[in-house]
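Engineer: For reference, the file upload.cif (mmCIF, C-alpha atoms) is included below:
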data_target
loop_
_atom_site.label_atom_id
_atom_site.label_comp_id
_atom_site.auth_asym_id
_atom_site.auth_seq_id
_atom_site.Cartn_x
_atom_site.Cartn_y
_atom_site.Cartn_z
CA MET A 1 37.17 -30.45 23.29
CA VAL A 2 35.75 -33.98 23.45
CA SER A 3 37.43 -34.63 26.79
CA VAL A 4 34.54 -32.95 28.63
CA ILE A 5 32.24 -35.57 27.10
CA THR A 6 34.52 -38.56 27.75
CA ASP A 7 35.11 -37.37 31.33
CA ALA A 8 31.35 -37.31 31.92
CA PHE A 9 30.74 -40.61 30.10
CA PRO A 10 33.90 -42.75 30.52
CA HIS A 11 32.38 -45.91 29.04
CA LEU A 12 31.86 -44.61 25.51
CA SER A 13 32.98 -46.90 22.70
CA ALA A 14 35.75 -45.89 20.30
CA GLU A 15 33.10 -45.37 17.62
CA GLN A 16 31.03 -43.07 19.83
CA ILE A 17 34.11 -41.01 20.74
CA LYS A 18 34.95 -40.67 17.04
CA GLN A 19 31.38 -39.55 16.30
CA PHE A 20 31.53 -36.86 18.97
CA GLU A 21 34.96 -35.75 17.69
CA LEU A 22 33.54 -35.39 14.18
CA MET A 23 30.53 -33.53 15.54
CA CYS A 24 32.89 -31.03 17.14
CA GLU A 25 34.56 -30.50 13.74
CA LEU A 26 31.45 -30.40 11.56
CA TYR A 27 29.33 -27.85 13.42
CA PRO A 28 31.98 -25.09 13.28
CA GLU A 29 32.40 -25.85 9.55
CA TRP A 30 28.67 -25.49 8.95
CA ASN A 31 28.41 -22.44 11.19
CA GLU A 32 30.63 -20.54 8.77
CA LYS A 33 27.88 -21.02 6.15
CA ILE A 34 24.66 -21.26 8.18
CA ASN A 35 24.34 -19.76 11.63
CA VAL A 36 22.89 -22.76 13.46
CA ILE A 37 24.67 -21.92 16.72
CA SER A 38 25.34 -18.41 18.01
CA ARG A 39 28.70 -17.24 16.65
CA LYS A 40 29.89 -16.31 20.14
CA ASP A 41 28.82 -19.75 21.43
CA ILE A 42 30.34 -22.05 18.82
CA ASP A 43 33.61 -22.27 20.79
CA ASN A 44 31.58 -23.75 23.65
CA LEU A 45 29.94 -26.39 21.44
CA ALA A 46 31.11 -29.41 23.46
CA VAL A 47 29.75 -28.15 26.80
CA ASN A 48 26.86 -25.83 25.94
CA HIS A 49 25.30 -27.98 23.22
CA ILE A 50 26.58 -31.57 23.15
CA LEU A 51 27.06 -32.18 26.89
CA HIS A 52 23.90 -30.17 27.64
CA SER A 53 21.96 -32.50 25.33
CA LEU A 54 23.50 -35.53 27.03
CA ALA A 55 22.12 -34.47 30.42
CA ILE A 56 19.04 -36.40 29.29
CA ALA A 57 21.21 -39.54 29.11
CA ARG A 58 21.98 -39.06 32.80
CA PHE A 59 18.29 -38.69 33.62
CA ILE A 60 17.20 -41.82 31.70
CA ARG A 61 18.85 -44.70 29.88
CA PHE A 62 16.44 -45.35 27.04
CA SER A 63 15.78 -49.08 26.58
CA PRO A 64 16.89 -50.60 23.26
CA GLY A 65 14.05 -50.39 20.76
CA SER A 66 12.62 -47.20 22.27
CA THR A 67 11.53 -44.34 20.02
CA VAL A 68 12.16 -40.66 20.71
CA LEU A 69 10.84 -37.53 18.99
CA ASP A 70 12.95 -34.35 19.10
CA ILE A 71 10.68 -31.36 18.43
CA GLY A 72 12.27 -28.08 17.33
CA THR A 73 15.64 -29.77 16.94
CA GLY A 74 17.23 -26.87 15.04
CA GLY A 75 20.73 -28.03 14.13
CA GLY A 76 20.17 -31.39 15.85
CA PHE A 77 20.06 -30.77 19.60
CA PRO A 78 19.39 -32.70 21.76
CA GLY A 79 18.58 -35.44 19.21
CA LEU A 80 21.93 -36.10 17.53
CA PRO A 81 24.09 -36.39 20.68
CA LEU A 82 21.44 -38.67 22.19
CA ALA A 83 21.39 -40.78 19.00
CA VAL A 84 25.15 -41.29 19.35
CA MET A 85 24.71 -42.24 23.00
CA PHE A 86 21.85 -44.68 22.31
CA PRO A 87 22.54 -46.42 18.96
CA GLU A 88 19.75 -48.98 19.57
CA VAL A 89 17.10 -46.26 19.99
CA LYS A 90 15.31 -44.60 17.05
CA PHE A 91 15.23 -40.79 16.96
CA HIS A 92 12.96 -38.65 14.77
CA LEU A 93 14.02 -34.99 14.49
CA VAL A 94 11.47 -32.35 13.48
CA ASP A 95 11.96 -28.66 12.72
CA ARG A 96 10.23 -25.97 10.69
CA ILE A 97 13.48 -24.35 9.51
CA GLY A 98 14.77 -26.28 6.53
CA LYS A 99 18.32 -24.91 6.50
CA LYS A 100 18.92 -25.95 10.10
CA LEU A 101 17.53 -29.41 9.43
CA LYS A 102 19.87 -29.63 6.42
CA VAL A 103 22.81 -29.13 8.78
CA ALA A 104 21.53 -31.76 11.22
CA SER A 105 20.97 -34.23 8.39
CA ASP A 106 24.45 -33.67 6.95
CA VAL A 107 26.10 -34.10 10.36
CA ALA A 108 24.13 -37.31 10.95
CA ASN A 109 25.20 -38.68 7.55
CA ARG A 110 28.86 -37.78 8.00
CA ILE A 111 29.15 -39.34 11.45
CA LYS A 112 27.29 -42.41 10.07
CA LEU A 113 24.27 -42.37 12.36
CA LYS A 114 21.82 -45.10 11.29
CA ASN A 115 19.13 -44.48 13.92
CA VAL A 116 17.93 -40.99 12.96
CA THR A 117 15.19 -39.73 10.65
CA PHE A 118 14.22 -36.14 9.85
CA GLN A 119 11.02 -34.25 9.13
CA HIS A 120 10.82 -30.70 7.82
CA GLY A 121 7.62 -29.10 9.04
CA ASP A 122 5.34 -28.41 11.97
CA ILE A 123 4.74 -30.88 14.79
CA GLY A 124 1.08 -30.93 13.74
CA GLU A 125 2.21 -32.78 10.60
CA CYS A 126 3.83 -35.56 12.63
CA HIS A 127 1.31 -38.31 13.45
CA GLU A 128 3.61 -41.09 14.67
CA LYS A 129 3.73 -42.34 18.26
CA PHE A 130 6.89 -42.28 20.39
CA ASP A 131 7.92 -43.38 23.86
CA PHE A 132 9.36 -39.97 24.69
CA VAL A 133 9.42 -36.47 23.28
CA VAL A 134 12.53 -34.36 23.96
CA SER A 135 13.13 -30.69 23.35
CA ARG A 136 15.47 -27.88 24.25
CA ALA A 137 13.93 -24.55 25.32
CA VAL A 138 11.36 -24.49 22.50
CA MET A 139 8.30 -23.26 24.41
CA PRO A 140 6.63 -23.45 27.86
CA GLN A 141 6.00 -27.01 29.04
CA PRO A 142 2.16 -26.77 29.13
CA ASP A 143 2.08 -25.51 25.52
CA LEU A 144 4.40 -28.28 24.42
CA VAL A 145 2.32 -30.92 26.23
CA ARG A 146 -0.78 -29.79 24.31
CA LEU A 147 1.03 -30.13 20.99
CA ILE A 148 2.73 -33.50 21.54
CA ARG A 149 0.29 -35.45 23.71
CA LYS A 150 -1.05 -37.16 20.57
CA ASN A 151 2.48 -38.35 19.76
CA VAL A 152 3.14 -40.18 23.03
CA SER A 153 2.60 -43.94 22.94
CA SER A 154 0.70 -45.75 25.68
CA THR A 155 3.00 -48.79 25.39
CA GLN A 156 5.72 -48.84 28.05
CA HIS A 157 9.33 -49.88 27.35
CA ASN A 158 11.26 -47.90 29.96
CA ALA A 159 11.74 -47.62 33.71
CA ILE A 160 9.72 -44.40 33.90
CA PRO A 161 6.37 -43.59 32.24
CA ASN A 162 6.44 -42.27 28.67
CA GLY A 163 6.31 -38.50 28.44
CA LEU A 164 8.04 -35.21 27.72
CA ILE A 165 11.64 -34.42 28.72
CA THR A 166 12.87 -30.87 28.16
CA LEU A 167 16.07 -28.93 28.78
CA LYS A 168 15.32 -25.58 30.40
CA GLY A 169 16.73 -22.87 32.63
CA GLY A 170 15.65 -20.93 35.71
CA ASP A 171 12.80 -21.49 38.16
CA LEU A 172 10.16 -23.78 36.64
CA THR A 173 7.75 -23.90 39.60
CA GLU A 174 5.04 -21.77 38.01
CA GLU A 175 5.49 -23.23 34.53
CA LEU A 176 4.92 -26.80 35.76
CA ARG A 177 2.18 -25.96 38.27
CA THR A 178 -0.62 -27.29 36.02
CA LEU A 179 1.20 -30.48 35.02
CA PRO A 180 0.74 -33.15 37.72
CA GLY A 181 3.60 -35.56 38.32
CA SER A 182 6.20 -33.31 36.70
CA GLU A 183 9.76 -33.39 38.05
CA VAL A 184 12.62 -30.90 37.87
CA LEU A 185 16.27 -31.95 38.18
CA ASP A 186 19.33 -29.71 38.39
CA ILE A 187 21.83 -30.53 35.64
CA SER A 188 24.56 -29.16 37.92
CA SER A 189 24.19 -32.39 39.90
CA TYR A 190 25.42 -34.25 36.80
CA PHE A 191 28.13 -31.96 35.40
CA PRO A 192 30.51 -29.52 37.18
CA GLN A 193 30.79 -26.78 34.54
CA ASP A 194 29.53 -23.31 35.51
CA PHE A 195 27.22 -23.27 32.47
CA PHE A 196 24.93 -25.80 34.15
CA GLU A 197 24.35 -23.86 37.39
CA THR A 198 20.94 -22.61 36.23
CA LYS A 199 20.11 -25.43 33.82
CA ARG A 200 17.31 -27.92 34.52
CA ILE A 201 15.65 -31.03 33.15
CA ALA A 202 11.86 -30.91 33.28
CA TYR A 203 10.03 -34.25 32.96
CA THR A 204 6.27 -34.57 32.55
CA PRO A 205 4.82 -38.10 32.42
CA LEU A 206 2.06 -38.54 29.84
CA LYS A 207 0.44 -41.94 30.37
#
Any chance you could give the structure as structure tokens?
Structural biologist:
Amino acid sequence: MVSVITDAFPHLSAEQIKQFELMCELYPEWNEKINVISRKDIDNLAVNHILHSLAIARFIRFSPGSTVLDIGTGGGFPGLPLAVMFPEVKFHLVDRIGKKLKVASDVANRIKLKNVTFQHGDIGECHEKFDFVVSRAVMPQPDLVRLIRKNVSSTQHNAIPNGLITLKGGDLTEELRTLPGSEVLDISSYFPQDFFETKRIAYTPLK
């Protein structure tokens, strides 16, 4: 199962590979108790959830010391796979559903992630500043921009301006029309699996 991840990212350390292997064991365990991933989709965990999250790591290599907020993380996507990929970056995962956050927190503890914090509640209750906000299909980009603009730092640490990076599907032309400078990238250009044919990364800079 992990081979799809190591094929896409051949320079992973032994520790990172072990963390992804454990992730692939722990989510099915938890899914028997709490339905954090669709029951019909849990067999596709490595591609549809972990590798999908890691598309962001192909779009940007976060600089060490960067901070990233994952809004609506659910069971920990895309935040936890990205935290494994970037151990020198701090990730803060927020969700309103406590039982899903409990799963994410347990997985993080058991794979020994030291660069992740969690917050149970609404994004309005989060007042910290971050270099980037990431999210996976939570809401339309303009709505998300309105909610998280206050959380984006003006201090630059990375090769591209701070902003919002989301994982989405379909045609985003109309959705991004009111957000100047936004970019859309096809995830199928990163990974060969059929799942990614309609999947996109949407990036909106927020200076």
Engineer: Write out as a VMD selection string each polymer residue whose atoms come within 12 Å of Asn48 in chain A, counting all atoms listed in the file; drop sequence neighbours fewer than 2 positions from it.
Structural biologist: chain A and resid 1 4 to 5 24 37 to 38 40 to 46 50 to 55 77 to 78 136 167 187 191 193 to 197 199
Engineer: May I ask which of the residues A:Pro64, A:Met85, A:Tyr203, A:Asn35 is the closest one to Thr6 in chain A, counting all atoms listed in the file?
Structural biologist: A:Met85
Engineer: Name the closest residue to Arg61 in chain A among the candidates A:Phe132, A:Phe20, A:Trp30, A:Phe118; distances are taken between atoms, counting all atoms listed in the file.
Structural biologist: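 Looking only at the distances to Arg61 in chain A, the closest residue turns out to be A:Phe132.
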Engineer: Counting only C-alpha atoms, which residue out of A:Pro180, A:Arg110, A:Ser105, A:Thr67 sits closest to Phe91 in chain A?
Structural biologist: A:Thr67
Engineer: At a cut-off of 12 Å, using all atoms listed in the file, what residues contact Ser13 in chain A? Leave out same-chain residues fewer than 3 positions from it and give the result as a VMD selection string.
Structural biologist: chain A and resid 6 9 to 10 16 to 20 84 to 87
